[in-house]
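The data block below is structure_16.txt; it holds compact mmCIF, C-alpha atoms.
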# COMPACT_ATOMS: atom_id res chain seq x y z
CA MET G 244 44.93 2.52 27.90
CA THR G 245 46.95 5.59 26.99
CA THR G 246 47.64 5.99 23.26
CA PRO G 247 48.74 8.74 20.87
CA LEU G 248 45.00 9.41 20.48
CA GLY G 249 44.53 9.89 24.22
CA GLN G 250 42.75 7.52 26.57
CA ILE G 251 40.99 4.54 25.01
CA SER G 252 38.67 2.33 27.01
CA LEU G 253 37.98 -1.26 25.95
CA LEU G 254 35.05 -3.42 26.96
CA ALA G 255 35.20 -7.15 26.20
CA ASP G 256 33.72 -10.38 27.46
CA GLU G 257 34.16 -14.04 26.62
CA HIS G 258 32.57 -13.44 23.18
CA GLY G 259 34.92 -10.66 22.09
CA LEU G 260 35.41 -6.93 22.06
CA ARG G 261 32.13 -5.10 22.51
CA GLN G 262 33.19 -1.49 22.73
CA LEU G 263 36.14 0.80 22.10
CA THR G 264 35.71 4.33 23.41
CA LEU G 265 37.99 7.24 22.60
CA SER G 266 37.60 8.94 25.97
CA VAL G 267 38.90 12.31 24.76
CA TYR G 268 35.78 12.58 22.62
CA HIS G 269 33.24 10.59 24.61
CA PRO G 270 33.80 10.21 28.36
CA PHE G 271 33.66 6.59 29.45
CA GLU G 272 31.99 5.62 32.68
CA PRO G 273 32.46 1.93 33.59
CA SER G 274 29.64 0.04 35.24
CA ARG G 275 30.16 -1.23 38.78
CA GLU G 276 29.32 -4.73 37.52
CA TRP G 277 32.31 -4.78 35.18
CA GLN G 278 35.63 -6.18 36.26
CA HIS G 279 38.94 -4.65 35.29
CA ASP G 280 41.15 -7.45 33.98
CA PRO G 281 44.19 -6.22 32.02
CA ARG G 282 45.20 -9.81 31.16
CA ALA G 283 41.89 -10.39 29.38
CA LEU G 284 42.43 -7.24 27.31
CA HIS G 285 46.09 -7.86 26.50
CA ARG G 286 45.58 -9.10 22.92
CA TYR G 287 43.26 -6.19 22.11
CA LYS G 288 45.70 -3.65 23.50
CA THR G 289 48.68 -5.24 21.74
CA GLN G 290 47.05 -5.21 18.31
CA LEU G 291 45.71 -1.69 18.80
CA PHE G 292 49.18 -0.38 19.76
CA GLU G 293 50.68 -2.18 16.76
CA TYR G 294 48.11 -0.54 14.47
CA LEU G 295 48.63 2.93 15.96
CA SER G 296 52.40 2.60 15.51
CA GLY G 297 52.00 1.62 11.84
CA GLN G 298 53.10 -1.99 12.40
CA ARG G 299 49.72 -3.72 11.86
CA THR G 300 47.41 -3.49 8.87
CA GLU G 301 44.79 -6.07 9.89
CA PHE G 302 43.21 -7.03 13.18
CA SER G 303 42.65 -10.65 14.15
CA LEU G 304 40.45 -10.21 17.18
CA PRO G 305 37.08 -11.61 18.17
CA LEU G 306 34.53 -8.82 17.93
CA CYS G 307 31.02 -8.77 19.30
CA PRO G 308 29.48 -5.37 18.62
CA GLU G 309 25.87 -4.93 19.68
CA GLY G 310 23.50 -3.51 17.10
CA SER G 311 20.58 -4.21 14.82
CA PRO G 312 20.96 -6.92 12.18
CA PHE G 313 21.46 -4.18 9.56
CA GLN G 314 24.14 -2.45 11.64
CA CYS G 315 25.99 -5.71 12.23
CA ARG G 316 25.93 -6.50 8.49
CA LEU G 317 27.25 -3.04 7.75
CA TRP G 318 30.03 -3.27 10.35
CA GLN G 319 31.09 -6.63 8.87
CA GLN G 320 31.16 -5.04 5.41
CA ILE G 321 33.27 -2.12 6.68
CA GLN G 322 35.85 -4.62 7.92
CA GLN G 323 36.31 -5.71 4.29
CA ILE G 324 37.68 -2.28 3.28
CA PRO G 325 41.42 -2.87 2.94
CA TYR G 326 43.96 -0.96 5.00
CA GLY G 327 44.85 2.28 3.25
CA ASP G 328 41.76 2.18 1.00
CA THR G 329 38.48 4.05 1.29
CA CYS G 330 34.97 3.76 -0.05
CA THR G 331 31.94 6.02 -0.01
CA TYR G 332 28.72 5.61 1.94
CA ARG G 333 27.00 5.05 -1.43
CA GLU G 334 29.44 2.28 -2.41
CA LEU G 335 28.98 0.67 0.99
CA ALA G 336 25.17 0.75 0.64
CA ALA G 337 25.46 -0.81 -2.83
CA ALA G 338 27.82 -3.52 -1.53
CA LEU G 339 25.15 -4.43 1.03
CA GLY G 340 22.53 -4.61 -1.72
CA GLU G 341 20.73 -1.67 -0.11
CA PRO G 342 21.49 1.33 -2.39
CA HIS G 343 18.36 3.16 -1.17
CA MET G 344 19.51 3.03 2.48
CA LEU G 345 22.22 5.69 2.25
CA SER G 346 21.04 7.53 5.36
CA ALA G 347 20.86 4.28 7.37
CA VAL G 348 24.42 3.43 6.29
CA SER G 349 25.64 6.82 7.46
CA MET G 350 23.85 6.49 10.81
CA ALA G 351 25.14 2.95 11.36
CA CYS G 352 28.70 4.13 10.71
CA ASN G 353 28.16 6.83 13.33
CA MET G 354 26.92 4.23 15.82
CA ASN G 355 29.93 1.92 15.35
CA PRO G 356 30.81 0.76 18.89
CA ILE G 357 34.33 -0.39 17.91
CA PRO G 358 35.91 2.42 15.87
CA ILE G 359 39.41 1.97 14.47
CA ILE G 360 39.12 -1.83 14.60
CA ILE G 361 35.88 -1.63 12.62
CA PRO G 362 37.39 1.05 10.38
CA CYS G 363 34.50 3.43 9.72
CA HIS G 364 37.16 6.12 9.24
CA ARG G 365 37.71 4.57 5.79
CA VAL G 366 34.19 5.55 4.68
CA LEU G 367 33.96 8.90 2.87
CA ASN G 368 31.12 11.07 1.60
CA GLU G 369 30.04 11.08 -2.04
CA HIS G 370 32.69 13.70 -2.90
CA HIS G 371 35.39 11.40 -1.47
CA GLN G 372 35.91 13.82 1.42
CA VAL G 373 36.06 13.06 5.13
CA GLY G 374 32.69 14.65 5.90
CA ASP G 375 31.22 14.03 9.34
CA TYR G 376 32.89 11.65 11.77
CA ARG G 377 31.74 10.87 15.28
CA TYR G 378 35.22 11.59 16.65
CA GLY G 379 35.90 14.63 14.48
CA ALA G 380 37.43 15.29 11.10
CA LEU G 381 40.94 15.75 12.54
CA LEU G 382 40.97 12.22 13.93
CA LYS G 383 39.59 10.75 10.72
CA HIS G 384 42.30 12.55 8.74
CA ALA G 385 44.94 11.31 11.21
CA LEU G 386 43.82 7.67 10.89
CA LEU G 387 43.72 7.87 7.10
CA ALA G 388 47.18 9.49 7.10
CA LEU G 389 48.48 6.74 9.40
CA GLU G 390 47.33 4.20 6.84
CA GLN G 391 49.32 6.10 4.21
CA GLY G 392 52.51 5.81 6.28
CA GLU G 393 52.43 8.99 8.37
CA PRO G 394 52.97 8.64 12.15
CA LEU G 395 50.34 9.73 14.66
CA GLU G 396 51.20 12.83 16.63
CA GLY G 397 49.46 13.39 19.97
CA PRO G 398 45.70 13.48 20.51
CA ALA G 399 43.95 14.46 17.28
This entry written out as structure tokens:
Amino acid sequence: MTTPLGQISLLADEHGLRQLTLSVYHPFEPSREWQHDPRALHRYKTQLFEYLSGQRTEFSLPLCPEGSPFQCRLWQQIQQIPYGDTCTYRELAAALGEPHMLSAVSMACNMNPIPIIIPCHRVLNEHHQVGDYRYGALLKHALLALEQGEPLEGPA
């Protein structure tokens, strides 16, 4: 799908969305075994467009990210960060009851297979700054600005 962020590829099955890839930053190469079915992706695309246009603050989609039990717990916790709010990696680790696993929290955020919908862009470093982001600081700033009411402008 073409969005203000550039091309986004979605991968879903009967269990839910498994992957969202921002193709500008990470080229996406579909498997020959996958089937392109725009009807099956319609609800994902609709909610994503609504979010990117500032009309949606919460997603109500079935998600099925693949990861370790720790990663899945973390990604569920990230989904609890309200629209327009942020938290730090340290606060996220503490919320999981794993304050000593700061590095693992950071790595799991980086491995998030469904960015935007699992809003790892809302997680900041200990100085409450953007810090590193898999898709670049400009995109993270743009998503945070969107959640403060600013429109997206072209690929970040």
* Asked: Taking only C-alpha atoms into account, which of G:Leu295, G:Ala338, G:Val366, G:Cys330 comes nearest Leu248 (chain G)?
  ->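 Between G:Leu295, G:Ala338, G:Val366, G:Cys330, the residue approaching Leu248 (chain G) most closely is G:Leu295.
Take the candidates G:Phe313, G:Phe292, G:Tyr378, G:Tyr326 and check each one against Ala347 (chain G) using all atoms listed in the file; the shortest distance goes to G:Phe313.
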* To do: Work out how far apart CA of Ser349 (chain G) and CA of Pro394 (chain G) are and give it in Å to one decimal.
  => 27.8 Å
* Nearest to Ile357 (chain G): which of G:Gly392, G:Pro305, G:Gly249, G:Pro312 is it, counting only C-alpha atoms? ->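 Using only C-alpha atoms, the shortest distance to Ile357 (chain G) belongs to G:Pro305.
At a cut-off of 12 Å from (46.2, -7.9, 22.6), the residue set is Met244, Leu253, Ala255, Gly259, Leu260, Pro281, Arg282, Ala283, Leu284, His285, Arg286, Tyr287, Lys288, Thr289, Gln290, Leu291, Phe292, Glu293, Tyr294, Phe302, Ser303, Leu304 and Pro305 of chain G (counting all atoms listed in the file).
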